[in-house]
>>> print(open('input.pdb').read())   # PDB, C-alpha atoms, pLDDT in the B column
ATOM      1  CA  MET K   1     -12.617 -16.020   7.652  1.00 91.00           C
ATOM      2  CA  TYR K   2     -14.463 -12.733   7.894  1.00 95.00           C
ATOM      3  CA  CYS K   3     -12.188  -9.923   6.684  1.00 96.00           C
ATOM      4  CA  ASP K   4     -12.988  -6.246   6.333  1.00 97.00           C
ATOM      5  CA  VAL K   5     -10.450  -3.830   4.852  1.00 98.00           C
ATOM      6  CA  THR K   6     -10.855  -0.075   4.579  1.00 98.00           C
ATOM      7  CA  VAL K   7      -8.510   2.650   3.395  1.00 98.00           C
ATOM      8  CA  GLN K   8      -9.778   6.042   4.503  1.00 98.00           C
ATOM      9  CA  THR K   9      -8.753   9.579   5.402  1.00 98.00           C
ATOM     10  CA  ALA K  10     -11.007   9.710   8.467  1.00 98.00           C
ATOM     11  CA  ALA K  11      -9.928   8.751  11.987  1.00 98.00           C
ATOM     12  CA  PHE K  12     -11.117   5.417  13.372  1.00 98.00           C
ATOM     13  CA  ASP K  13     -12.545   4.356  16.713  1.00 97.00           C
ATOM     14  CA  LEU K  14     -10.694   1.374  18.156  1.00 97.00           C
ATOM     15  CA  GLY K  15     -13.458   0.540  20.633  1.00 97.00           C
ATOM     16  CA  ALA K  16     -16.234   0.633  18.054  1.00 97.00           C
ATOM     17  CA  GLU K  17     -14.186  -1.460  15.627  1.00 98.00           C
ATOM     18  CA  GLU K  18     -13.444  -4.060  18.296  1.00 97.00           C
ATOM     19  CA  LEU K  19     -17.125  -4.354  19.159  1.00 96.00           C
ATOM     20  CA  ALA K  20     -18.082  -4.651  15.481  1.00 97.00           C
ATOM     21  CA  LEU K  21     -15.470  -7.341  14.829  1.00 97.00           C
ATOM     22  CA  ARG K  22     -16.542  -9.433  17.788  1.00 95.00           C
ATOM     23  CA  ALA K  23     -19.938  -9.836  16.126  1.00 96.00           C
ATOM     24  CA  HIS K  24     -18.102 -11.785  13.388  1.00 96.00           C
ATOM     25  CA  ALA K  25     -15.616 -13.594  15.604  1.00 94.00           C
ATOM     26  CA  GLY K  26     -17.729 -16.607  16.619  1.00 91.00           C
ATOM     27  CA  ASP K  27     -16.275 -18.330  19.672  1.00 90.00           C
ATOM     28  CA  ALA K  28     -12.807 -16.825  19.253  1.00 94.00           C
ATOM     29  CA  GLY K  29     -10.782 -16.937  22.437  1.00 95.00           C
ATOM     30  CA  ALA K  30      -8.361 -14.189  21.483  1.00 97.00           C
ATOM     31  CA  LEU K  31      -8.507 -10.734  19.991  1.00 97.00           C
ATOM     32  CA  VAL K  32      -5.321  -8.822  19.273  1.00 98.00           C
ATOM     33  CA  ALA K  33      -5.449  -5.136  18.373  1.00 98.00           C
ATOM     34  CA  PHE K  34      -2.515  -3.269  16.908  1.00 98.00           C
ATOM     35  CA  GLN K  35      -2.678   0.462  16.397  1.00 97.00           C
ATOM     36  CA  GLY K  36       0.141   2.374  14.778  1.00 96.00           C
ATOM     37  CA  MET K  37       0.724   6.099  15.244  1.00 95.00           C
ATOM     38  CA  VAL K  38       2.662   8.572  13.122  1.00 94.00           C
ATOM     39  CA  ARG K  39       6.037   9.142  14.738  1.00 88.00           C
ATOM     40  CA  ALA K  40       7.726  12.514  14.977  1.00 82.00           C
ATOM     41  CA  HIS K  41      11.096  12.222  13.299  1.00 74.00           C
ATOM     42  CA  ASP K  42      14.397  13.036  14.956  1.00 67.00           C
ATOM     43  CA  GLU K  43      15.745  14.895  11.963  1.00 72.00           C
ATOM     44  CA  ALA K  44      16.974  18.482  11.949  1.00 79.00           C
ATOM     45  CA  THR K  45      13.749  19.768  10.412  1.00 83.00           C
ATOM     46  CA  PRO K  46      10.625  18.611  12.293  1.00 87.00           C
ATOM     47  CA  LEU K  47       7.878  16.805  10.464  1.00 90.00           C
ATOM     48  CA  ALA K  48       4.683  18.792   9.915  1.00 93.00           C
ATOM     49  CA  ALA K  49       2.762  15.856   8.481  1.00 94.00           C
ATOM     50  CA  LEU K  50       3.090  12.521   6.819  1.00 94.00           C
ATOM     51  CA  PHE K  51       1.177  12.358   3.545  1.00 96.00           C
ATOM     52  CA  LEU K  52       0.043   8.915   2.420  1.00 96.00           C
ATOM     53  CA  GLU K  53      -1.258   7.879  -0.936  1.00 96.00           C
ATOM     54  CA  HIS K  54      -2.757   4.568  -2.063  1.00 97.00           C
ATOM     55  CA  TYR K  55      -4.163   2.999  -5.214  1.00 97.00           C
ATOM     56  CA  PRO K  56      -7.931   2.760  -4.609  1.00 97.00           C
ATOM     57  CA  GLY K  57      -9.182  -0.760  -5.232  1.00 97.00           C
ATOM     58  CA  VAL K  58      -5.733  -2.245  -5.757  1.00 96.00           C
ATOM     59  CA  THR K  59      -4.451  -1.467  -2.251  1.00 96.00           C
ATOM     60  CA  GLU K  60      -7.543  -2.893  -0.552  1.00 97.00           C
ATOM     61  CA  ALA K  61      -7.376  -6.064  -2.691  1.00 96.00           C
ATOM     62  CA  GLU K  62      -3.702  -6.506  -1.848  1.00 94.00           C
ATOM     63  CA  ILE K  63      -4.395  -6.210   1.899  1.00 96.00           C
ATOM     64  CA  ARG K  64      -7.214  -8.770   1.606  1.00 96.00           C
ATOM     65  CA  ARG K  65      -4.806 -11.091  -0.225  1.00 95.00           C
ATOM     66  CA  ILE K  66      -2.262 -10.697   2.581  1.00 94.00           C
ATOM     67  CA  ALA K  67      -4.956 -11.368   5.206  1.00 96.00           C
ATOM     68  CA  GLY K  68      -5.841 -14.521   3.279  1.00 96.00           C
ATOM     69  CA  GLN K  69      -2.207 -15.632   3.497  1.00 95.00           C
ATOM     70  CA  ALA K  70      -2.299 -15.074   7.260  1.00 96.00           C
ATOM     71  CA  ALA K  71      -5.496 -17.115   7.529  1.00 96.00           C
ATOM     72  CA  ALA K  72      -3.765 -19.946   5.660  1.00 96.00           C
ATOM     73  CA  ARG K  73      -0.956 -20.006   8.250  1.00 96.00           C
ATOM     74  CA  TRP K  74      -2.992 -19.640  11.448  1.00 96.00           C
ATOM     75  CA  PRO K  75      -6.621 -20.489  12.221  1.00 95.00           C
ATOM     76  CA  LEU K  76      -8.258 -17.047  12.318  1.00 97.00           C
ATOM     77  CA  SER K  77     -11.888 -16.131  12.919  1.00 97.00           C
ATOM     78  CA  ALA K  78     -12.027 -12.541  11.741  1.00 97.00           C
ATOM     79  CA  CYS K  79      -9.871  -9.601  10.824  1.00 97.00           C
ATOM     80  CA  ARG K  80     -10.308  -5.876  10.417  1.00 98.00           C
ATOM     81  CA  VAL K  81      -7.765  -3.586   8.805  1.00 98.00           C
ATOM     82  CA  ILE K  82      -8.084   0.173   8.563  1.00 98.00           C
ATOM     83  CA  HIS K  83      -5.310   2.189   6.973  1.00 98.00           C
ATOM     84  CA  ARG K  84      -5.490   5.937   6.798  1.00 98.00           C
ATOM     85  CA  VAL K  85      -4.255   8.068   3.915  1.00 97.00           C
ATOM     86  CA  GLY K  86      -3.910  11.785   3.304  1.00 97.00           C
ATOM     87  CA  ALA K  87      -2.103  14.207   5.609  1.00 96.00           C
ATOM     88  CA  LEU K  88      -1.490  12.827   9.105  1.00 96.00           C
ATOM     89  CA  VAL K  89       0.313  14.733  11.848  1.00 95.00           C
ATOM     90  CA  PRO K  90       2.696  13.075  14.340  1.00 94.00           C
ATOM     91  CA  GLY K  91       0.797  11.262  17.078  1.00 94.00           C
ATOM     92  CA  GLU K  92      -2.236  10.513  14.950  1.00 96.00           C
ATOM     93  CA  PRO K  93      -3.306   6.882  14.581  1.00 97.00           C
ATOM     94  CA  ILE K  94      -2.513   5.710  11.051  1.00 96.00           C
ATOM     95  CA  VAL K  95      -3.235   1.979  11.001  1.00 97.00           C
ATOM     96  CA  LEU K  96      -5.432  -0.490  12.858  1.00 98.00           C
ATOM     97  CA  VAL K  97      -5.159  -4.266  12.667  1.00 98.00           C
ATOM     98  CA  LEU K  98      -7.616  -6.397  14.640  1.00 98.00           C
ATOM     99  CA  ILE K  99      -7.309 -10.174  14.604  1.00 98.00           C
ATOM    100  CA  ALA K 100      -9.745 -12.547  16.277  1.00 98.00           C
ATOM    101  CA  ALA K 101      -8.669 -16.169  16.534  1.00 97.00           C
ATOM    102  CA  GLY K 102      -9.318 -19.309  18.506  1.00 95.00           C
ATOM    103  CA  HIS K 103      -6.111 -18.896  20.467  1.00 95.00           C
ATOM    104  CA  ARG K 104      -3.677 -16.123  21.308  1.00 96.00           C
ATOM    105  CA  VAL K 105      -0.674 -17.577  19.496  1.00 96.00           C
ATOM    106  CA  GLY K 106      -2.339 -17.296  16.093  1.00 96.00           C
ATOM    107  CA  ALA K 107      -3.832 -13.898  16.866  1.00 97.00           C
ATOM    108  CA  PHE K 108      -0.479 -12.373  17.899  1.00 98.00           C
ATOM    109  CA  ALA K 109       1.384 -13.952  15.013  1.00 97.00           C
ATOM    110  CA  ALA K 110      -1.172 -12.969  12.376  1.00 97.00           C
ATOM    111  CA  ALA K 111      -1.277  -9.363  13.593  1.00 98.00           C
ATOM    112  CA  GLU K 112       2.498  -9.102  13.336  1.00 97.00           C
ATOM    113  CA  TYR K 113       2.512 -10.839   9.951  1.00 97.00           C
ATOM    114  CA  LEU K 114      -0.092  -8.443   8.595  1.00 97.00           C
ATOM    115  CA  MET K 115       1.783  -5.413   9.876  1.00 96.00           C
ATOM    116  CA  ASP K 116       5.076  -6.586   8.381  1.00 93.00           C
ATOM    117  CA  TYR K 117       3.403  -7.010   5.008  1.00 91.00           C
ATOM    118  CA  LEU K 118       1.522  -3.716   5.270  1.00 92.00           C
ATOM    119  CA  LYS K 119       4.852  -1.978   5.816  1.00 87.00           C
ATOM    120  CA  THR K 120       6.605  -3.657   2.902  1.00 84.00           C
ATOM    121  CA  GLN K 121       4.239  -4.845   0.177  1.00 85.00           C
ATOM    122  CA  ALA K 122       0.934  -3.018   0.367  1.00 92.00           C
ATOM    123  CA  PRO K 123       0.711  -0.232  -2.211  1.00 94.00           C
ATOM    124  CA  PHE K 124       1.163   2.870  -0.064  1.00 95.00           C
ATOM    125  CA  TRP K 125       3.477   5.767  -0.765  1.00 95.00           C
ATOM    126  CA  LYS K 126       4.607   8.119   1.931  1.00 94.00           C
ATOM    127  CA  ARG K 127       5.735  11.721   1.638  1.00 94.00           C
ATOM    128  CA  GLU K 128       7.273  13.644   4.529  1.00 93.00           C
ATOM    129  CA  ASP K 129       6.113  17.244   4.706  1.00 93.00           C
ATOM    130  CA  PHE K 130       8.415  19.304   6.914  1.00 92.00           C
ATOM    131  CA  VAL K 131       7.614  22.421   8.943  1.00 91.00           C
ATOM    132  CA  ASP K 132       9.861  24.544   6.699  1.00 92.00           C
ATOM    133  CA  GLY K 133       7.604  23.778   3.725  1.00 92.00           C
ATOM    134  CA  SER K 134       9.909  21.271   2.061  1.00 92.00           C
ATOM    135  CA  SER K 135       8.792  17.726   1.353  1.00 92.00           C
ATOM    136  CA  ARG K 136      10.313  14.423   0.323  1.00 91.00           C
ATOM    137  CA  TRP K 137       8.914  11.091  -0.872  1.00 92.00           C
ATOM    138  CA  VAL K 138      10.161   8.335   1.403  1.00 89.00           C
ATOM    139  CA  GLU K 139      12.368   5.650  -0.132  1.00 81.00           C
ATOM    140  CA  ALA K 140      11.831   1.946   0.512  1.00 72.00           C
ATOM    141  CA  LYS K 141      13.514   0.830   3.755  1.00 65.00           C
ATOM    142  CA  ALA K 142      15.715  -2.247   4.024  1.00 58.00           C
ATOM    143  CA  SER K 143      14.825  -2.805   7.703  1.00 57.00           C
ATOM    144  CA  ASP K 144      11.131  -3.343   6.926  1.00 53.00           C
ATOM    145  CA  ASP K 145      12.041  -5.700   4.096  1.00 57.00           C
ATOM    146  CA  ALA K 146      14.183  -7.688   6.534  1.00 60.00           C
ATOM    147  CA  ALA K 147      11.240  -7.932   8.954  1.00 59.00           C
ATOM    148  CA  CYS K 148       9.118  -9.303   6.134  1.00 55.00           C
ATOM    149  CA  GLU K 149      11.816 -11.709   4.935  1.00 60.00           C
ATOM    150  CA  ARG K 150      11.741 -13.695   8.179  1.00 61.00           C
ATOM    151  CA  TRP K 151       8.280 -14.987   7.270  1.00 54.00           C
ATOM    152  CA  HIS K 152       9.715 -16.704   4.207  1.00 55.00           C
ATOM    153  CA  ASP K 153      11.702 -19.241   6.238  1.00 43.00           C
TER     154      ASP K 153
ATOM    155  CA  MET T   1      -8.544   3.755 -29.011  1.00 89.00           C
ATOM    156  CA  SER T   2      -6.979   4.958 -25.797  1.00 96.00           C
ATOM    157  CA  ILE T   3      -5.810   3.930 -22.350  1.00 97.00           C
ATOM    158  CA  THR T   4      -5.688   5.752 -19.025  1.00 98.00           C
ATOM    159  CA  LEU T   5      -2.367   6.014 -17.224  1.00 97.00           C
ATOM    160  CA  LEU T   6      -2.178   6.633 -13.467  1.00 97.00           C
ATOM    161  CA  TYR T   7       1.023   7.632 -11.699  1.00 97.00           C
ATOM    162  CA  PHE T   8       1.717   7.259  -7.989  1.00 95.00           C
ATOM    163  CA  GLY T   9       4.071   8.522  -5.315  1.00 93.00           C
ATOM    164  CA  VAL T  10       7.311  10.100  -6.405  1.00 92.00           C
ATOM    165  CA  LEU T  11       6.532   9.408 -10.072  1.00 94.00           C
ATOM    166  CA  LYS T  12       3.850  12.109  -9.951  1.00 94.00           C
ATOM    167  CA  ASP T  13       6.464  14.697  -9.105  1.00 93.00           C
ATOM    168  CA  VAL T  14       9.166  13.382 -11.398  1.00 93.00           C
ATOM    169  CA  LEU T  15       6.854  13.017 -14.400  1.00 95.00           C
ATOM    170  CA  GLY T  16       4.692  16.023 -13.582  1.00 94.00           C
ATOM    171  CA  ARG T  17       1.292  14.377 -13.747  1.00 96.00           C
ATOM    172  CA  SER T  18      -0.983  12.011 -11.860  1.00 96.00           C
ATOM    173  CA  GLU T  19      -3.167  10.860 -14.730  1.00 97.00           C
ATOM    174  CA  GLU T  20      -3.386  11.059 -18.510  1.00 97.00           C
ATOM    175  CA  THR T  21      -5.189   9.582 -21.489  1.00 97.00           C
ATOM    176  CA  LEU T  22      -2.898   8.078 -24.096  1.00 97.00           C
ATOM    177  CA  ALA T  23      -3.795   7.188 -27.682  1.00 96.00           C
ATOM    178  CA  TRP T  24      -3.210   3.430 -27.920  1.00 95.00           C
ATOM    179  CA  ASP T  25      -3.430   1.006 -30.815  1.00 91.00           C
ATOM    180  CA  GLY T  26      -2.918  -2.015 -28.599  1.00 91.00           C
ATOM    181  CA  GLY T  27       0.272  -3.769 -27.653  1.00 94.00           C
ATOM    182  CA  SER T  28       2.140  -5.089 -24.661  1.00 95.00           C
ATOM    183  CA  SER T  29       3.175  -3.521 -21.382  1.00 94.00           C
ATOM    184  CA  THR T  30       6.764  -3.651 -22.645  1.00 93.00           C
ATOM    185  CA  ALA T  31       5.798  -1.679 -25.751  1.00 94.00           C
ATOM    186  CA  LEU T  32       3.931   0.850 -23.607  1.00 95.00           C
ATOM    187  CA  LEU T  33       6.954   1.436 -21.368  1.00 94.00           C
ATOM    188  CA  ALA T  34       9.245   1.703 -24.399  1.00 93.00           C
ATOM    189  CA  GLN T  35       6.920   4.359 -25.841  1.00 94.00           C
ATOM    190  CA  LEU T  36       6.847   6.336 -22.569  1.00 95.00           C
ATOM    191  CA  ARG T  37      10.643   6.239 -22.316  1.00 95.00           C
ATOM    192  CA  THR T  38      10.943   8.103 -25.624  1.00 95.00           C
ATOM    193  CA  ARG T  39       9.313  11.171 -24.044  1.00 95.00           C
ATOM    194  CA  GLY T  40      12.585  12.460 -22.647  1.00 95.00           C
ATOM    195  CA  GLU T  41      15.382  11.970 -20.169  1.00 94.00           C
ATOM    196  CA  ASP T  42      13.174  12.172 -17.074  1.00 93.00           C
ATOM    197  CA  TRP T  43      10.920   9.471 -18.431  1.00 95.00           C
ATOM    198  CA  ALA T  44      13.749   7.255 -19.624  1.00 94.00           C
ATOM    199  CA  ALA T  45      15.409   7.498 -16.198  1.00 93.00           C
ATOM    200  CA  ALA T  46      12.271   7.020 -14.089  1.00 92.00           C
ATOM    201  CA  LEU T  47      11.053   4.072 -16.160  1.00 92.00           C
ATOM    202  CA  ALA T  48      14.435   2.558 -17.035  1.00 89.00           C
ATOM    203  CA  PRO T  49      14.466  -1.230 -17.441  1.00 81.00           C
ATOM    204  CA  GLY T  50      15.668  -2.735 -14.168  1.00 76.00           C
ATOM    205  CA  LYS T  51      14.393   0.210 -12.164  1.00 78.00           C
ATOM    206  CA  VAL T  52      12.109  -1.079  -9.424  1.00 72.00           C
ATOM    207  CA  PHE T  53       8.533  -0.203 -10.258  1.00 79.00           C
ATOM    208  CA  ARG T  54       5.388  -2.201 -10.840  1.00 86.00           C
ATOM    209  CA  LEU T  55       2.576  -2.040 -13.348  1.00 93.00           C
ATOM    210  CA  VAL T  56      -1.085  -2.559 -12.635  1.00 96.00           C
ATOM    211  CA  VAL T  57      -3.364  -3.325 -15.579  1.00 96.00           C
ATOM    212  CA  ASN T  58      -7.089  -3.054 -14.933  1.00 97.00           C
ATOM    213  CA  GLN T  59      -6.541  -3.232 -11.161  1.00 96.00           C
ATOM    214  CA  GLN T  60      -4.334  -6.360 -11.362  1.00 94.00           C
ATOM    215  CA  ILE T  61      -0.673  -6.168 -10.360  1.00 91.00           C
ATOM    216  CA  VAL T  62       1.182  -7.706 -13.301  1.00 91.00           C
ATOM    217  CA  HIS T  63       4.582  -9.321 -13.674  1.00 87.00           C
ATOM    218  CA  GLY T  64       6.561  -9.402 -16.893  1.00 87.00           C
ATOM    219  CA  GLU T  65       5.126  -8.627 -20.297  1.00 91.00           C
ATOM    220  CA  VAL T  66       1.335  -8.594 -20.548  1.00 94.00           C
ATOM    221  CA  PRO T  67      -1.136  -7.308 -23.150  1.00 96.00           C
ATOM    222  CA  VAL T  68      -2.550  -3.831 -22.582  1.00 97.00           C
ATOM    223  CA  PRO T  69      -6.030  -3.824 -24.125  1.00 96.00           C
ATOM    224  CA  ASP T  70      -7.864  -0.794 -25.496  1.00 95.00           C
ATOM    225  CA  GLY T  71      -9.581   1.138 -22.720  1.00 96.00           C
ATOM    226  CA  ALA T  72      -7.277  -0.254 -20.036  1.00 97.00           C
ATOM    227  CA  GLU T  73      -6.375   1.551 -16.831  1.00 97.00           C
ATOM    228  CA  VAL T  74      -2.632   1.231 -16.316  1.00 97.00           C
ATOM    229  CA  GLY T  75      -1.126   2.198 -12.968  1.00 97.00           C
ATOM    230  CA  ILE T  76       2.604   2.872 -12.789  1.00 95.00           C
ATOM    231  CA  LEU T  77       3.810   2.282  -9.238  1.00 92.00           C
ATOM    232  CA  PRO T  78       7.142   3.257  -7.688  1.00 90.00           C
ATOM    233  CA  PRO T  79       8.484   1.029  -4.881  1.00 87.00           C
ATOM    234  CA  VAL T  80       5.990   0.994  -2.027  1.00 88.00           C
ATOM    235  CA  THR T  81       6.982   2.733   1.194  1.00 83.00           C
ATOM    236  CA  GLY T  82       4.395   1.261   3.500  1.00 75.00           C
ATOM    237  CA  GLY T  83       2.204   2.502   6.266  1.00 69.00           C
TER     238      GLY T  83
END
>>> encode(input="input.pdb", output="structure tokens")
Amino acid sequence: MYCDVTVQTAAFDLGAEELALRAHAGDAGALVAFQGMVRAHDEATPLAALFLEHYPGVTEAEIRRIAGQAAARWPLSACRVIHRVGALVPGEPIVLVLIAAGHRVGAFAAAEYLMDYLKTQAPFWKREDFVDGSSRWVEAKASDDAACERWHD
Amino acid sequence: MSITLLYFGVLKDVLGRSEETLAWDGGSSTALLAQLRTRGEDWAAALAPGKVFRLVVNQQIVHGEVPVPDGAEVGILPPVTGG
């Protein structure tokens, strides 16, 4: 399976990425695109930005490993993952997962699988920077772990 | 003989650094952590045995006790908080 993983501060272009991936997708009958955006929080103090950090080299390798696991479960043709780091304001796209596969079932499932693992196991650390100047490193969430657990059945 | 230590996420704030060079005569990851814990209460608490953090040695996520060779890059990772 063709798999391209990038961690970057820059914004990405969904349309350009889709076109580029299709060049590697062979006769795939399905292409699923997931794009995640930074959410504004409903806490008392509004979020100014989400700051993300990764471990260069290690994070990319871990995402490729996870994509390999997905390819072992479903027949996939190609995948593209872009994860942004640095300071991101609410509404900005933060993650892109593109999966090309022979059929839709595998493409949908693999995209969800990859996202669940990106949220729980990929080496990213998130800090919330609030408008009042305070900031706080986010703690690991049980709900994301639960979403990931269901794949272990 | 030295190794490079890299700290991530909340550990940067708690331990007050993102990177350092440490004199190192060789030994295991367990010995390295034991040495770091002697630096003070903050270190002992942040790197307490049983606390959830991971080590990366030369870009490989490791489990359990592994050798830390001279010149190694050792990443100390708090629990990941995802994208």
>>> interface_residues(input="input.pdb", of="chain K", to="chain T", cutoff="8 Å", atoms="only C-alpha atoms", output="ChimeraX atom specification")
/K:52-55,57-58,83,94-95,118-127,137-141
>>> write_last_selection(input="input.pdb", atoms="C-alpha atoms", output="PDB file, in the frame of the given file")
ATOM      1  CA  LEU K  52       0.043   8.915   2.420  1.00 96.00           C
ATOM      2  CA  GLU K  53      -1.258   7.879  -0.936  1.00 96.00           C
ATOM      3  CA  HIS K  54      -2.757   4.568  -2.063  1.00 97.00           C
ATOM      4  CA  TYR K  55      -4.163   2.999  -5.214  1.00 97.00           C
ATOM      5  CA  GLY K  57      -9.182  -0.760  -5.232  1.00 97.00           C
ATOM      6  CA  VAL K  58      -5.733  -2.245  -5.757  1.00 96.00           C
ATOM      7  CA  HIS K  83      -5.310   2.189   6.973  1.00 98.00           C
ATOM      8  CA  ILE K  94      -2.513   5.710  11.051  1.00 96.00           C
ATOM      9  CA  VAL K  95      -3.235   1.979  11.001  1.00 97.00           C
ATOM     10  CA  LEU K 118       1.522  -3.716   5.270  1.00 92.00           C
ATOM     11  CA  LYS K 119       4.852  -1.978   5.816  1.00 87.00           C
ATOM     12  CA  THR K 120       6.605  -3.657   2.902  1.00 84.00           C
ATOM     13  CA  GLN K 121       4.239  -4.845   0.177  1.00 85.00           C
ATOM     14  CA  ALA K 122       0.934  -3.018   0.367  1.00 92.00           C
ATOM     15  CA  PRO K 123       0.711  -0.232  -2.211  1.00 94.00           C
ATOM     16  CA  PHE K 124       1.163   2.870  -0.064  1.00 95.00           C
ATOM     17  CA  TRP K 125       3.477   5.767  -0.765  1.00 95.00           C
ATOM     18  CA  LYS K 126       4.607   8.119   1.931  1.00 94.00           C
ATOM     19  CA  ARG K 127       5.735  11.721   1.638  1.00 94.00           C
ATOM     20  CA  TRP K 137       8.914  11.091  -0.872  1.00 92.00           C
ATOM     21  CA  VAL K 138      10.161   8.335   1.403  1.00 89.00           C
ATOM     22  CA  GLU K 139      12.368   5.650  -0.132  1.00 81.00           C
ATOM     23  CA  ALA K 140      11.831   1.946   0.512  1.00 72.00           C
ATOM     24  CA  LYS K 141      13.514   0.830   3.755  1.00 65.00           C
TER      25      LYS K 141
END
>>> resolve_selection(input="input.pdb", expression="the PyMOL selection byres ((chain K and resi 135) around 12)", output="number ranges by chain")
K: 45-51, 126-134, 136-138; T: 10, 13
>>> residues_around(input="input.pdb", residues="Gly36 in chain K", least_positions_apart="2", cutoff="9 Å", atoms="all atoms listed in the file", output="PDB file with C-alpha atoms, keeping the file's coordinate frame")
ATOM      1  CA  PHE K  34      -2.515  -3.269  16.908  1.00 98.00           C
ATOM      2  CA  VAL K  38       2.662   8.572  13.122  1.00 94.00           C
ATOM      3  CA  ARG K  39       6.037   9.142  14.738  1.00 88.00           C
ATOM      4  CA  GLU K  92      -2.236  10.513  14.950  1.00 96.00           C
ATOM      5  CA  PRO K  93      -3.306   6.882  14.581  1.00 97.00           C
ATOM      6  CA  ILE K  94      -2.513   5.710  11.051  1.00 96.00           C
ATOM      7  CA  VAL K  95      -3.235   1.979  11.001  1.00 97.00           C
ATOM      8  CA  LEU K  96      -5.432  -0.490  12.858  1.00 98.00           C
ATOM      9  CA  VAL K  97      -5.159  -4.266  12.667  1.00 98.00           C
TER      10      VAL K  97
ATOM     11  CA  GLY T  83       2.204   2.502   6.266  1.00 69.00           C
TER      12      GLY T  83
END
>>> resolve_selection(input="input.pdb", expression="the PyMOL selection byres ((chain K and resi 33) around 7)", output="PyMOL selection string")
chain K and resi 31-32+34-35+97-99
>>> resolve_selection(input="input.pdb", expression="the PyMOL selection byres ((chain T and resi 32-38) around 12)", output="short mmCIF file (atom, residue, chain, number, x, y, z; two decimals) with C-alpha atoms, in the coordinates of the input")
data_model
loop_
_atom_site.label_atom_id
_atom_site.label_comp_id
_atom_site.auth_asym_id
_atom_site.auth_seq_id
_atom_site.Cartn_x
_atom_site.Cartn_y
_atom_site.Cartn_z
CA SER T 2 -6.98 4.96 -25.80
CA ILE T 3 -5.81 3.93 -22.35
CA THR T 4 -5.69 5.75 -19.02
CA LEU T 5 -2.37 6.01 -17.22
CA LEU T 15 6.85 13.02 -14.40
CA GLU T 20 -3.39 11.06 -18.51
CA LEU T 22 -2.90 8.08 -24.10
CA ALA T 23 -3.80 7.19 -27.68
CA TRP T 24 -3.21 3.43 -27.92
CA ASP T 25 -3.43 1.01 -30.82
CA GLY T 26 -2.92 -2.02 -28.60
CA GLY T 27 0.27 -3.77 -27.65
CA SER T 28 2.14 -5.09 -24.66
CA SER T 29 3.18 -3.52 -21.38
CA THR T 30 6.76 -3.65 -22.64
CA ALA T 31 5.80 -1.68 -25.75
CA ARG T 39 9.31 11.17 -24.04
CA GLY T 40 12.58 12.46 -22.65
CA GLU T 41 15.38 11.97 -20.17
CA ASP T 42 13.17 12.17 -17.07
CA TRP T 43 10.92 9.47 -18.43
CA ALA T 44 13.75 7.26 -19.62
CA ALA T 45 15.41 7.50 -16.20
CA ALA T 46 12.27 7.02 -14.09
CA LEU T 47 11.05 4.07 -16.16
CA ALA T 48 14.44 2.56 -17.04
CA PRO T 49 14.47 -1.23 -17.44
CA LYS T 51 14.39 0.21 -12.16
CA PHE T 53 8.53 -0.20 -10.26
CA ARG T 54 5.39 -2.20 -10.84
CA LEU T 55 2.58 -2.04 -13.35
CA VAL T 57 -3.36 -3.32 -15.58
CA GLY T 64 6.56 -9.40 -16.89
CA GLU T 65 5.13 -8.63 -20.30
CA VAL T 66 1.34 -8.59 -20.55
CA PRO T 67 -1.14 -7.31 -23.15
CA VAL T 68 -2.55 -3.83 -22.58
CA PRO T 69 -6.03 -3.82 -24.12
CA ALA T 72 -7.28 -0.25 -20.04
CA VAL T 74 -2.63 1.23 -16.32
CA GLY T 75 -1.13 2.20 -12.97
CA ILE T 76 2.60 2.87 -12.79
#
>>> atom_distance(input="input.pdb", atom1="CA of Val89 in chain K", atom2="CA of Leu14 in chain K")
18.4 Å
>>> atom_distance(input="input.pdb", atom1="CA of Val52 in chain T", atom2="CA of Gln8 in chain K")
26.9 Å
>>> closest_residue(input="input.pdb", among="K:Ala72, K:Thr59, K:Cys79, K:Val7", to="His24 in chain K", atoms="all atoms listed in the file")
K:Cys79
>>> atom_distance(input="input.pdb", atom1="CA of Gly29 in chain K", atom2="CA of Ser77 in chain K")
9.6 Å
>>> residues_around(input="input.pdb", residues="Arg64 in chain K", least_positions_apart="2", cutoff="12 Å", atoms="all atoms listed in the file", output="CSV table (one decimal) with C-alpha atoms, in the coordinates of the input")
chain,number,residue,atom,x,y,z
K,1,MET,CA,-12.6,-16.0,7.7
K,2,TYR,CA,-14.5,-12.7,7.9
K,3,CYS,CA,-12.2,-9.9,6.7
K,4,ASP,CA,-13.0,-6.2,6.3
K,5,VAL,CA,-10.4,-3.8,4.9
K,6,THR,CA,-10.9,-0.1,4.6
K,7,VAL,CA,-8.5,2.6,3.4
K,57,GLY,CA,-9.2,-0.8,-5.2
K,58,VAL,CA,-5.7,-2.2,-5.8
K,59,THR,CA,-4.5,-1.5,-2.3
K,60,GLU,CA,-7.5,-2.9,-0.6
K,61,ALA,CA,-7.4,-6.1,-2.7
K,62,GLU,CA,-3.7,-6.5,-1.8
K,66,ILE,CA,-2.3,-10.7,2.6
K,67,ALA,CA,-5.0,-11.4,5.2
K,68,GLY,CA,-5.8,-14.5,3.3
K,69,GLN,CA,-2.2,-15.6,3.5
K,70,ALA,CA,-2.3,-15.1,7.3
K,71,ALA,CA,-5.5,-17.1,7.5
K,78,ALA,CA,-12.0,-12.5,11.7
K,79,CYS,CA,-9.9,-9.6,10.8
K,80,ARG,CA,-10.3,-5.9,10.4
K,81,VAL,CA,-7.8,-3.6,8.8
K,82,ILE,CA,-8.1,0.2,8.6
K,114,LEU,CA,-0.1,-8.4,8.6
K,117,TYR,CA,3.4,-7.0,5.0
K,118,LEU,CA,1.5,-3.7,5.3
K,122,ALA,CA,0.9,-3.0,0.4
